[in-house]
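Pasting model.cif here (mmCIF, C-alpha atoms):
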data_data
#
loop_
_atom_site.label_atom_id
_atom_site.label_comp_id
_atom_site.auth_asym_id
_atom_site.auth_seq_id
_atom_site.Cartn_x
_atom_site.Cartn_y
_atom_site.Cartn_z
CA MET S 1 8.86 -15.62 14.56
CA ILE S 2 8.25 -18.18 11.81
CA ASP S 3 8.04 -21.12 14.20
CA ASN S 4 4.84 -19.68 15.70
CA TYR S 5 3.02 -20.41 12.45
CA ILE S 6 4.12 -23.96 11.67
CA TYR S 7 1.14 -26.30 11.55
CA ASP S 8 1.02 -30.07 11.99
CA LYS S 9 0.40 -30.50 8.26
CA LYS S 10 3.44 -31.64 6.28
CA ALA S 11 4.45 -31.85 2.63
CA GLU S 12 6.16 -34.91 1.23
CA LEU S 13 8.98 -34.76 -1.30
CA ILE S 14 10.16 -37.94 -3.01
CA ILE S 15 13.68 -37.96 -4.48
CA ASP S 16 15.26 -41.16 -5.81
CA GLY S 17 12.67 -43.23 -3.98
CA LYS S 18 13.31 -41.60 -0.62
CA THR S 19 10.56 -39.55 1.05
CA TYR S 20 11.30 -36.34 2.92
CA THR S 21 8.76 -34.44 5.03
CA LEU S 22 8.73 -30.65 5.02
CA PRO S 23 6.71 -28.43 7.38
CA ILE S 24 3.79 -26.37 6.08
CA VAL S 25 3.65 -22.73 7.20
CA GLU S 26 0.30 -20.92 7.11
CA GLY S 27 -0.13 -17.17 7.49
CA LYS S 28 -2.91 -15.27 9.23
CA GLU S 29 -4.78 -14.71 5.96
CA GLY S 30 -4.50 -18.32 4.81
CA GLU S 31 -1.43 -18.17 2.57
CA LYS S 32 0.52 -21.42 2.66
CA ALA S 33 4.20 -22.16 2.18
CA ILE S 34 6.49 -25.16 2.29
CA ASP S 35 9.35 -24.54 4.71
CA ILE S 36 12.53 -25.59 2.87
CA ARG S 37 15.08 -24.17 5.28
CA LYS S 38 16.53 -27.65 5.87
CA LEU S 39 16.06 -28.92 2.32
CA ARG S 40 19.72 -28.80 1.29
CA SER S 41 21.07 -30.28 4.51
CA GLN S 42 18.57 -33.15 4.33
CA THR S 43 18.55 -33.88 0.59
CA GLY S 44 21.53 -32.17 -1.03
CA TYR S 45 19.10 -30.32 -3.30
CA ILE S 46 18.21 -26.64 -3.56
CA THR S 47 15.29 -24.99 -5.35
CA ILE S 48 15.57 -22.70 -8.36
CA ASP S 49 13.06 -19.87 -8.76
CA SER S 50 13.98 -17.10 -11.20
CA GLY S 51 12.85 -13.75 -9.83
CA PHE S 52 11.86 -15.44 -6.54
CA MET S 53 8.21 -15.38 -7.66
CA ASN S 54 7.41 -18.51 -5.65
CA THR S 55 9.84 -18.01 -2.79
CA GLY S 56 9.06 -16.45 0.57
CA SER S 57 12.21 -14.87 2.00
CA CYS S 58 10.62 -14.04 5.35
CA VAL S 59 7.45 -13.89 7.37
CA SER S 60 6.11 -10.41 7.97
CA SER S 61 3.36 -8.67 9.94
CA ILE S 62 3.47 -5.44 7.90
CA THR S 63 1.51 -5.82 4.67
CA PHE S 64 -0.93 -8.38 3.29
CA LEU S 65 -1.53 -8.49 -0.45
CA ASP S 66 -3.91 -10.79 -2.33
CA GLY S 67 -3.50 -10.24 -6.06
CA GLU S 68 -6.39 -12.47 -7.05
CA LYS S 69 -8.90 -10.73 -4.76
CA SER S 70 -7.49 -7.17 -5.12
CA ILE S 71 -6.78 -6.82 -1.41
CA LEU S 72 -4.07 -4.61 0.10
CA ASN S 73 -3.85 -4.17 3.89
CA TYR S 74 -1.28 -2.36 6.03
CA ARG S 75 -1.00 -3.88 9.51
CA GLY S 76 -4.50 -5.31 9.05
CA TYR S 77 -6.15 -2.09 7.83
CA ALA S 78 -7.69 -1.92 4.34
CA ILE S 79 -5.87 0.47 2.03
CA GLU S 80 -9.19 2.10 1.15
CA ASP S 81 -9.87 3.01 4.80
CA LEU S 82 -6.39 4.38 5.34
CA ALA S 83 -6.30 6.41 2.12
CA ASN S 84 -9.71 7.95 2.73
CA ASN S 85 -9.38 8.68 6.44
CA CYS S 86 -5.72 9.14 7.38
CA SER S 87 -2.84 11.48 6.74
CA PHE S 88 0.43 10.11 5.41
CA VAL S 89 2.05 10.82 8.78
CA GLU S 90 -0.52 8.56 10.51
CA VAL S 91 0.15 5.75 8.06
CA ALA S 92 3.92 6.20 8.40
CA TYR S 93 3.50 5.84 12.17
CA LEU S 94 1.34 2.74 11.65
CA LEU S 95 3.90 1.01 9.44
CA VAL S 96 6.89 1.77 11.65
CA HIS S 97 5.24 1.25 15.06
CA GLY S 98 2.59 -1.37 14.27
CA SER S 99 -0.53 0.54 15.32
CA LEU S 100 -2.36 3.71 14.39
CA PRO S 101 -1.34 6.59 16.67
CA THR S 102 -3.50 8.16 19.32
CA GLN S 103 -3.93 11.92 19.07
CA GLU S 104 -1.12 12.39 21.61
CA GLN S 105 1.21 9.99 19.77
CA LEU S 106 0.43 11.65 16.46
CA SER S 107 1.22 15.09 17.91
CA GLU S 108 4.52 13.85 19.32
CA PHE S 109 5.47 12.16 16.05
CA SER S 110 4.54 15.26 14.04
CA GLN S 111 6.67 17.39 16.36
CA LEU S 112 9.61 15.04 15.79
CA LEU S 113 9.15 15.36 12.03
CA GLY S 114 9.04 19.13 12.34
CA GLY S 115 12.16 19.21 14.49
CA PHE S 116 14.11 17.08 12.04
CA ALA S 117 12.98 18.88 8.86
CA LEU S 118 16.22 20.79 8.33
CA ILE S 119 19.29 19.14 6.87
CA HIS S 120 22.80 19.97 8.00
CA GLU S 121 23.94 23.16 6.27
CA ASP S 122 27.12 21.44 5.07
CA MET S 123 24.98 18.98 3.13
CA ILE S 124 23.53 21.83 1.07
CA HIS S 125 26.95 22.32 -0.54
CA PHE S 126 26.75 18.74 -1.86
CA PHE S 127 24.07 19.81 -4.32
CA ASP S 128 26.52 22.21 -5.96
CA HIS S 129 28.79 19.37 -7.04
CA PHE S 130 26.25 17.30 -8.95
CA PRO S 131 26.06 18.01 -12.71
CA PRO S 132 23.17 20.34 -13.64
CA TYR S 133 21.13 17.51 -15.15
CA ALA S 134 21.98 14.76 -12.67
CA PRO S 135 19.04 12.35 -12.23
CA PRO S 136 17.11 13.26 -9.05
CA MET S 137 17.11 9.63 -7.89
CA SER S 138 20.91 9.56 -8.04
CA ILE S 139 21.04 12.70 -5.89
CA LEU S 140 18.46 11.32 -3.45
CA SER S 141 20.31 8.02 -3.00
CA SER S 142 23.65 9.76 -2.45
CA MET S 143 22.27 12.30 0.01
CA VAL S 144 20.41 9.70 2.08
CA ASN S 145 23.53 7.55 2.27
CA SER S 146 25.53 10.55 3.49
CA LEU S 147 23.19 11.05 6.47
CA CYS S 148 25.05 8.33 8.41
CA ASN S 149 28.12 10.59 8.39
CA PHE S 150 26.25 13.51 9.93
CA TYR S 151 24.34 11.42 12.48
CA PRO S 152 26.73 8.56 13.36
CA GLU S 153 25.26 8.21 16.85
CA MET S 154 22.23 6.63 15.22
CA SER S 155 24.29 3.59 14.23
CA ASP S 156 25.40 2.70 17.76
CA ASN S 157 22.17 1.10 19.01
CA PRO S 158 19.89 0.88 15.98
CA GLY S 159 17.33 -1.25 17.78
CA GLU S 160 16.93 1.40 20.48
CA ASN S 161 17.23 4.43 18.18
CA ILE S 162 14.95 3.24 15.37
CA ASP S 163 12.14 5.66 16.31
CA MET S 164 14.53 8.59 16.12
CA MET S 165 16.11 7.35 12.89
CA ALA S 166 12.70 6.76 11.30
CA ALA S 167 11.46 10.26 12.13
CA ARG S 168 14.74 11.79 10.98
CA LEU S 169 14.66 9.99 7.63
CA ILE S 170 10.97 10.53 6.90
CA SER S 171 11.35 14.23 7.61
CA LYS S 172 14.67 14.91 5.91
CA ILE S 173 13.97 12.97 2.71
CA ARG S 174 11.25 15.46 1.69
CA THR S 175 13.67 18.36 2.31
CA ILE S 176 16.39 16.66 0.27
CA ALA S 177 13.92 15.99 -2.56
CA ALA S 178 12.63 19.58 -2.61
CA PHE S 179 16.14 21.06 -2.43
CA SER S 180 17.32 18.88 -5.32
CA TYR S 181 14.44 20.21 -7.43
CA LYS S 182 15.18 23.83 -6.52
CA LYS S 183 18.86 23.37 -7.38
CA SER S 184 17.98 21.85 -10.75
CA MET S 185 15.79 24.89 -11.47
CA GLY S 186 18.46 27.36 -10.35
CA GLN S 187 16.09 28.81 -7.76
CA PRO S 188 16.78 29.75 -4.12
CA LEU S 189 16.08 27.07 -1.54
CA VAL S 190 12.90 27.27 0.48
CA TYR S 191 13.30 26.05 4.03
CA PRO S 192 10.63 24.01 5.83
CA ARG S 193 8.03 25.78 7.97
CA HIS S 194 6.91 24.75 11.43
CA ASP S 195 3.26 25.64 10.79
CA TYR S 196 2.67 23.44 7.74
CA SER S 197 1.68 19.78 7.59
CA TYR S 198 4.04 17.19 6.11
CA CYS S 199 2.63 17.34 2.57
CA ALA S 200 1.92 21.09 2.60
CA ASN S 201 5.50 21.69 3.72
CA PHE S 202 6.87 19.64 0.86
CA LEU S 203 4.74 21.44 -1.72
CA ASN S 204 5.74 24.82 -0.32
CA MET S 205 9.45 23.92 -0.40
CA MET S 206 9.02 22.80 -4.02
CA PHE S 207 7.04 25.70 -5.43
CA ASP S 208 7.33 28.80 -3.25
CA SER S 209 9.55 31.58 -4.61
CA PRO S 210 10.32 35.23 -3.77
CA VAL S 211 8.51 36.39 -6.92
CA LYS S 212 5.55 34.03 -6.76
CA PRO S 213 4.49 32.90 -3.27
CA TYR S 214 2.94 29.44 -3.21
CA VAL S 215 -0.67 29.17 -2.08
CA VAL S 216 -1.45 25.82 -0.46
CA ASN S 217 -4.37 24.06 -2.16
CA ASP S 218 -6.19 21.72 0.24
CA ALA S 219 -7.29 19.42 -2.58
CA VAL S 220 -3.69 19.06 -3.77
CA VAL S 221 -2.49 18.35 -0.22
CA ALA S 222 -5.22 15.72 0.19
CA ALA S 223 -4.29 14.07 -3.12
CA LEU S 224 -0.59 14.02 -2.24
CA ASN S 225 -1.43 12.41 1.10
CA LYS S 226 -3.34 9.69 -0.75
CA LEU S 227 -0.56 9.12 -3.26
CA LEU S 228 2.07 8.73 -0.55
CA ILE S 229 -0.19 6.41 1.47
CA LEU S 230 -0.91 4.21 -1.54
CA HIS S 231 2.82 3.85 -2.21
CA ALA S 232 3.86 3.42 1.44
CA ASP S 233 4.37 -0.34 1.24
CA HIS S 234 3.70 -3.20 -1.13
CA GLU S 235 5.06 -6.34 0.47
CA GLN S 236 8.27 -7.94 -0.89
CA ASN S 237 8.78 -5.91 -4.07
CA CYS S 238 12.18 -5.30 -5.65
CA SER S 239 13.18 -2.25 -3.60
CA THR S 240 11.85 -3.59 -0.29
CA SER S 241 13.61 -6.89 -0.84
CA THR S 242 16.76 -4.90 -1.59
CA VAL S 243 16.47 -3.01 1.71
CA ARG S 244 16.07 -6.32 3.53
CA LEU S 245 18.92 -8.01 1.67
CA VAL S 246 21.38 -5.16 2.22
CA GLY S 247 20.20 -4.73 5.80
CA SER S 248 20.64 -8.46 6.48
CA ALA S 249 24.38 -7.83 6.55
CA LYS S 250 23.62 -5.50 9.52
CA VAL S 251 24.19 -2.46 7.33
CA ASN S 252 22.96 0.79 8.86
CA LEU S 253 19.47 2.03 8.03
CA TYR S 254 20.64 4.98 5.90
CA ALA S 255 22.75 2.81 3.58
CA SER S 256 20.00 0.19 3.35
CA ILE S 257 17.45 2.84 2.35
CA SER S 258 19.90 4.29 -0.15
CA ALA S 259 20.12 0.85 -1.78
CA GLY S 260 16.32 0.66 -1.87
CA ILE S 261 16.16 4.03 -3.62
CA SER S 262 18.58 2.76 -6.27
CA ALA S 263 16.46 -0.34 -6.81
CA LEU S 264 13.31 1.79 -7.13
CA TRP S 265 15.07 3.85 -9.80
CA GLY S 266 14.66 1.02 -12.31
CA PRO S 267 12.09 1.63 -15.07
CA LEU S 268 10.44 -1.73 -14.37
CA HIS S 269 9.78 -0.75 -10.76
CA GLY S 270 9.45 2.90 -9.80
CA GLY S 271 9.54 4.53 -13.21
CA ALA S 272 6.22 3.28 -14.55
CA ASN S 273 4.17 6.43 -13.82
CA GLN S 274 6.70 8.53 -15.72
CA ALA S 275 6.40 6.09 -18.63
CA VAL S 276 2.59 6.50 -18.58
CA ILE S 277 2.88 10.27 -19.02
CA GLU S 278 5.42 9.85 -21.81
CA MET S 279 3.07 7.40 -23.56
CA LEU S 280 0.06 9.73 -23.25
CA GLU S 281 2.14 12.67 -24.49
CA GLU S 282 3.27 10.63 -27.49
CA ILE S 283 -0.33 9.74 -28.34
CA TYR S 284 -1.44 13.36 -27.97
CA GLU S 285 1.43 14.73 -30.05
CA ASN S 286 0.63 12.23 -32.80
CA GLY S 287 -2.94 13.37 -33.20
CA GLY S 288 -4.60 11.71 -30.23
CA ASN S 289 -5.54 8.53 -32.11
CA TYR S 290 -5.42 6.25 -29.07
CA MET S 291 -7.17 3.38 -30.93
CA LYS S 292 -4.10 2.99 -33.11
CA TYR S 293 -2.00 2.44 -30.00
CA ILE S 294 -4.50 0.02 -28.50
CA GLU S 295 -4.35 -2.05 -31.69
CA ARG S 296 -0.56 -1.91 -31.60
CA ALA S 297 -0.64 -3.24 -28.03
CA LYS S 298 -2.74 -6.20 -29.22
CA ASN S 299 -0.32 -7.02 -32.03
CA SER S 300 2.10 -9.68 -30.78
CA LYS S 301 4.63 -8.64 -33.43
CA ASP S 302 4.67 -5.01 -32.26
CA PRO S 303 6.93 -4.31 -29.25
CA PHE S 304 4.64 -1.47 -28.07
CA ARG S 305 2.80 -2.05 -24.78
CA LEU S 306 0.20 0.05 -23.01
CA VAL S 307 1.95 1.32 -19.89
CA GLY S 308 -0.13 1.49 -16.70
CA PHE S 309 -2.15 -1.66 -17.34
CA GLY S 310 -1.60 -4.99 -15.63
CA HIS S 311 0.49 -5.80 -12.59
CA ARG S 312 2.96 -8.50 -11.65
CA VAL S 313 0.93 -9.38 -8.55
CA TYR S 314 -2.64 -8.16 -9.09
CA LYS S 315 -4.62 -10.46 -11.39
CA SER S 316 -7.69 -8.26 -11.32
CA HIS S 317 -8.10 -4.56 -10.44
CA ASP S 318 -5.31 -2.84 -8.54
CA PRO S 319 -7.21 -1.67 -5.40
CA ARG S 320 -5.16 1.53 -5.41
CA SER S 321 -6.15 2.56 -8.93
CA ARG S 322 -9.77 3.47 -8.13
CA ILE S 323 -8.65 5.69 -5.24
CA ILE S 324 -6.09 7.38 -7.45
CA LYS S 325 -8.59 7.94 -10.26
CA ASN S 326 -11.03 9.74 -7.94
CA ALA S 327 -8.23 11.83 -6.43
CA CYS S 328 -7.03 12.72 -9.92
CA GLU S 329 -10.41 14.07 -10.97
CA GLN S 330 -10.74 16.10 -7.74
CA VAL S 331 -7.30 17.67 -8.17
CA LEU S 332 -7.87 18.60 -11.80
CA ALA S 333 -11.23 20.16 -10.94
CA SER S 334 -9.78 22.15 -8.01
CA MET S 335 -7.00 23.50 -10.23
CA GLY S 336 -9.22 24.35 -13.16
CA PHE S 337 -8.18 21.43 -15.39
CA TYR S 338 -11.74 20.55 -16.34
CA SER S 339 -10.59 19.10 -19.64
CA ASP S 340 -6.98 18.00 -19.51
CA PRO S 341 -6.04 16.46 -22.89
CA LEU S 342 -3.90 13.72 -21.37
CA LEU S 343 -6.61 12.82 -18.86
CA ASP S 344 -9.16 12.72 -21.68
CA ILE S 345 -6.97 10.27 -23.59
CA ALA S 346 -6.39 8.23 -20.43
CA ARG S 347 -10.15 7.99 -19.79
CA GLU S 348 -10.85 6.87 -23.34
CA ILE S 349 -8.10 4.25 -23.24
CA GLU S 350 -9.35 2.92 -19.91
CA GLU S 351 -12.93 2.68 -21.15
CA VAL S 352 -11.93 0.75 -24.26
CA VAL S 353 -9.50 -1.56 -22.48
CA LEU S 354 -12.02 -2.53 -19.78
CA ARG S 355 -14.46 -3.65 -22.51
CA ASP S 356 -11.93 -5.45 -24.70
CA ASP S 357 -11.69 -9.21 -24.23
CA TYR S 358 -8.02 -9.15 -25.25
CA PHE S 359 -7.07 -7.11 -22.18
CA VAL S 360 -9.70 -8.50 -19.80
CA SER S 361 -8.72 -12.12 -20.52
CA ARG S 362 -5.10 -11.22 -19.74
CA ASN S 363 -5.99 -9.35 -16.53
CA LEU S 364 -4.62 -6.09 -17.95
CA TYR S 365 -6.54 -3.69 -15.73
CA PRO S 366 -5.43 -0.13 -14.86
CA ASN S 367 -2.86 -0.01 -12.06
CA VAL S 368 -1.77 2.71 -9.63
CA ASP S 369 0.71 4.20 -12.10
CA PHE S 370 -1.93 4.96 -14.72
CA TYR S 371 -3.33 8.03 -12.93
CA SER S 372 -0.62 9.02 -10.44
CA GLY S 373 1.55 10.61 -13.11
CA ILE S 374 -1.33 12.81 -14.24
CA ILE S 375 -1.77 14.11 -10.69
CA TYR S 376 1.93 14.91 -10.38
CA ARG S 377 1.85 16.64 -13.75
CA ALA S 378 -1.12 18.78 -12.69
CA ILE S 379 0.59 19.71 -9.42
CA GLY S 380 3.63 20.89 -11.36
CA ILE S 381 6.07 18.13 -10.48
CA PRO S 382 8.29 17.33 -13.50
CA SER S 383 8.34 13.78 -14.80
CA ASN S 384 11.97 13.19 -13.75
CA MET S 385 10.81 13.71 -10.14
CA PHE S 386 8.00 11.12 -10.29
CA THR S 387 10.17 8.28 -8.97
CA VAL S 388 11.42 10.55 -6.19
CA MET S 389 7.79 10.98 -5.14
CA PHE S 390 7.44 7.20 -5.13
CA ALA S 391 10.46 7.00 -2.82
CA LEU S 392 8.96 9.56 -0.42
CA GLY S 393 5.89 7.40 -0.07
CA ARG S 394 7.70 4.06 0.13
CA LEU S 395 10.16 5.17 2.83
CA PRO S 396 8.02 4.20 5.88
CA GLY S 397 7.54 0.71 4.45
CA TRP S 398 11.27 0.30 3.88
CA ILE S 399 11.98 1.40 7.44
CA ALA S 400 9.35 -0.98 8.84
CA HIS S 401 10.82 -3.94 6.94
CA TRP S 402 14.37 -3.07 7.99
CA LYS S 403 13.23 -2.89 11.63
CA GLU S 404 11.26 -6.14 11.37
CA MET S 405 14.25 -7.93 9.86
CA TRP S 406 16.55 -6.56 12.57
CA ASP S 407 14.24 -7.82 15.33
CA ASP S 408 13.62 -11.25 13.76
CA PRO S 409 15.21 -14.04 15.87
CA ASN S 410 15.39 -16.14 12.68
CA TRP S 411 17.48 -13.47 10.93
CA ARG S 412 20.03 -14.77 8.46
CA ILE S 413 22.29 -12.82 6.16
CA GLY S 414 20.84 -13.00 2.64
CA ARG S 415 22.78 -15.46 0.53
CA PRO S 416 20.87 -17.02 -2.41
CA ARG S 417 22.24 -20.17 -4.03
CA GLN S 418 22.68 -20.83 -7.73
CA ILE S 419 22.92 -23.64 -10.25
CA TYR S 420 26.28 -23.42 -11.99
CA ILE S 421 26.23 -24.10 -15.75
CA GLY S 422 29.79 -23.01 -16.71
CA PRO S 423 32.69 -25.27 -17.78
CA LYS S 424 33.86 -28.05 -15.48
CA ARG S 425 37.26 -27.91 -13.78
CA ARG S 426 39.96 -27.75 -16.45
CA PRO S 427 43.77 -27.74 -16.40
CA PHE S 428 45.60 -24.43 -16.24
CA VAL S 429 47.58 -23.55 -19.39
CA PRO S 430 50.53 -21.07 -19.31
CA VAL S 431 49.98 -17.95 -21.41
CA ALA S 432 52.59 -18.91 -24.05
CA GLU S 433 50.80 -22.22 -24.76
CA ARG S 434 47.20 -20.95 -24.91
CA LYS S 435 45.12 -21.11 -28.05
CA ALA S 436 42.26 -18.79 -28.85
CA TYR S 437 38.86 -20.31 -28.08
CA PRO S 438 35.41 -18.90 -28.70
CA ALA S 439 34.21 -16.73 -25.84
CA GLN S 440 32.05 -18.58 -23.35
#
Turn this file's structure into structure tokens for me.
Amino acid sequence: MIDNYIYDKKAELIIDGKTYTLPIVEGKEGEKAIDIRKLRSQTGYITIDSGFMNTGSCVSSITFLDGEKSILNYRGYAIEDLANNCSFVEVAYLLVHGSLPTQEQLSEFSQLLGGFALIHEDMIHFFDHFPPYAPPMSILSSMVNSLCNFYPEMSDNPGENIDMMAARLISKIRTIAAFSYKKSMGQPLVYPRHDYSYCANFLNMMFDSPVKPYVVNDAVVAALNKLLILHADHEQNCSTSTVRLVGSAKVNLYASISAGISALWGPLHGGANQAVIEMLEEIYENGGNYMKYIERAKNSKDPFRLVGFGHRVYKSHDPRSRIIKNACEQVLASMGFYSDPLLDIAREIEEVVLRDDYFVSRNLYPNVDFYSGIIYRAIGIPSNMFTVMFALGRLPGWIAHWKEMWDDPNWRIGRPRQIYIGPKRRPFVPVAERKAYPAQ
């Protein structure tokens, strides 16, 4: 795949007076990279790049992201167009299959999702053996990994069965998530319904009960669709790179996704929207004086930071944040939250930050996490389930990347190098003759 994009232009590297030429790779949107696949064999050198911030591990046709220009496209489609015009199921199909579905394809895919919505009854007993307050992400990762034991036939020809595996995973993960919530609440499980859409089904499984039937709110369903779409993929982030790295060893899809869920669990990756709510609650409980917290954030000696502002990749506005903000206001209005105290604080903080040179000069604009947690809170989803919701949305992207890696003729098992800085080779000393040395 990568060889189709190598241009005639070359880069020159001079080491110890000797010049080496390295190919230049250019993507469809103009991004450029120096191909160093033969660097070590030609020069004896490797590169070092902490966090891989300047290293491309693959070429991909799934997602294009331009952090300087606030652009996010899935398979060539602008995120704004997809979020405002598509259902999550359409976008999931797009990511996995490469094109938006026709009406017939969408109907077939939706029927597959409906048919796979149940989980094996034996799996339900697994929930009973987790501690009452087990983190939902731990449960989700374990349950997804166990799917390979119940559907082993899916591991035989993964290239041929990927459509079936994708539909099975996308459908069952929402059931697993909803069941884990019901178990944590000590409530009876609510099974999926054949007459509800993907998002409506999830909400009903979460909140319906024998004593208080759940009434589907169209505005809430629409907002959840948007949230899942906006989280569906984001290029080579930590969890996606994890799925690719684990999958590069030809690990089955279920185990690879389970590893991605564990990576997403980290507070620096998938837990940011939960941290936003906790920050807003702290401000509210301490009198609502948000200016005090803004000043703390500007104090270099204070460890406090405003959560939900700035992004590792976006150097201006996060294109997803405006969509989320509008959806947030619509949901709160439809549910009667005309003046939610946390939203009021969030609005005030955003207004101040966008006018403050300290934050503007540092590109600390609101990101997707700033408003998504407020929507989940209004819907009734507890904060410890926020990262699970992130995983539901990100699943189609993980599957698409696993499939793309599997089909790549330039596939290599992931094996980063390192620069060793420990002690040099030293003589072995028998235990009776050893002296105590400071720990290395």
Assuming the chain letters and numbering stay as they are in my file, what does the PyMOL selection byres ((chain S and resi 238) around 12) actually select? List them as a PyMOL selection string. chain S and resi 51-53+233-237+239-245+259-270+312+394+398
Name every residue that the PyMOL selection byres ((chain S and resi 81) around 12) selects in this structure, writing the answer as an NGL selection string with chains first and numbers rising. :S and (72-74 or 76-80 or 82-87 or 91 or 226 or 229-230 or 319-320 or 323)
Determine the nearest neighbour of His317 in chain S from the options S:Gly373, S:Pro341, S:Gly393, S:Pro366, counting only C-alpha atoms.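 The closest residue to His317 in chain S is S:Pro366.
The gap separating CA of Lys182 in chain S from CA of Pro213 in chain S is 14.4 Å, in Å to one decimal.
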Near Trp411 in chain S, within 10 Å and counting all atoms listed in the file, which residues show up once chain neighbours fewer than 2 positions away are dropped, as a list of chain:residue names?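 Neighbouring residues, sequence-local ones excluded: S:Met1, S:Cys58, S:Ser248, S:Ala249, S:Glu404, S:Met405, S:Trp406, S:Asp407, S:Asp408, S:Pro409, S:Ile413, S:Gly414.
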Using all atoms listed in the file for the distances, tell me which of S:Cys199, S:Leu392, S:Leu253, S:Ala222 is nearest to Met164 in chain S. S:Leu253
Which residue is closest to Ile62 in chain S? Choose from S:Tyr365, S:Gly98, S:Lys10, S:Pro382 and count all atoms listed in the file.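 Using all atoms listed in the file, Ile62 in chain S sits closest to S:Gly98.
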Give as a PyMOL selection string the residues that the PyMOL selection byres ((chain S and resi 32-48) around 12) matches when applied to the coordinates above. chain S and resi 2-3+5-7+9-31+49-59+410+412+416-420
Rank S:Ser70, S:Gly247, S:Ala272, S:Phe116 by their smallest atom-to-atom distance to Ala400 in chain S, using only C-alpha atoms, and report the top residue only.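 Using only C-alpha atoms, Ala400 in chain S sits closest to S:Gly247.
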Quote the spacing between CA of Arg322 in chain S and CA of Ile379 in chain S in Å to one decimal place. 19.3 Å
Work out how far CA of Pro136 in chain S is from CA of Met385 in chain S, in Å to one decimal.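 Separating CA of Met385 in chain S from CA of Pro136 in chain S is a distance of 6.4 Å.
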At a cut-off of 12 Å, using all atoms listed in the file, what residues contact Leu224 in chain S? Leave out same-chain residues fewer than 6 positions from it and give the result as number ranges by chain. S: 83, 86-89, 197-203, 216-218, 230-231, 323-324, 327-328, 330-331, 372-373, 375-376, 378-379, 381, 389-390, 392-393
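Checking S:Ser142, S:Thr63, S:Gln187, S:Ser171 one by one against Leu113 in chain S, counting only C-alpha atoms, you find the shortest gap at S:Ser171.
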Polymer residues at most 9 Å from Pro192 in chain S, all atoms listed in the file, same-chain spacing of 3 or more positions, as a ChimeraX atom specification: /S:114,117-118,175,196,201-202,204-205
Kindly provide, as a CSV table (one decimal) with C-alpha atoms, in the frame of the given file, the polymer residues lying within 10 Å of (-8.4, 13.7, -24.1), counting only C-alpha atoms and using the coordinates exactly as they appear in the file.
chain,number,residue,atom,x,y,z
S,280,LEU,CA,0.1,9.7,-23.2
S,283,ILE,CA,-0.3,9.7,-28.3
S,284,TYR,CA,-1.4,13.4,-28.0
S,288,GLY,CA,-4.6,11.7,-30.2
S,289,ASN,CA,-5.5,8.5,-32.1
S,290,TYR,CA,-5.4,6.2,-29.1
S,339,SER,CA,-10.6,19.1,-19.6
S,340,ASP,CA,-7.0,18.0,-19.5
S,341,PRO,CA,-6.0,16.5,-22.9
S,342,LEU,CA,-3.9,13.7,-21.4
S,343,LEU,CA,-6.6,12.8,-18.9
S,344,ASP,CA,-9.2,12.7,-21.7
S,345,ILE,CA,-7.0,10.3,-23.6
S,346,ALA,CA,-6.4,8.2,-20.4
S,347,ARG,CA,-10.2,8.0,-19.8
S,348,GLU,CA,-10.8,6.9,-23.3
S,349,ILE,CA,-8.1,4.2,-23.2
Where is the centre and how long are the edges: axis-aligned box on range 67-84 of chain S, 6 Å on each side, Å to one decimal, as AutoDock Vina command-line options:
--center_x -5.4 --center_y -2.3 --center_z 1.2 --size_x 20.9 --size_y 32.4 --size_z 28.6
For Ile162 in chain S, which residue among S:Phe370, S:Tyr358, S:Trp402, S:Phe207 is the nearest when counting all atoms listed in the file?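 Of S:Phe370, S:Tyr358, S:Trp402, S:Phe207, the one nearest Ile162 in chain S, counting all atoms listed in the file, is S:Trp402.
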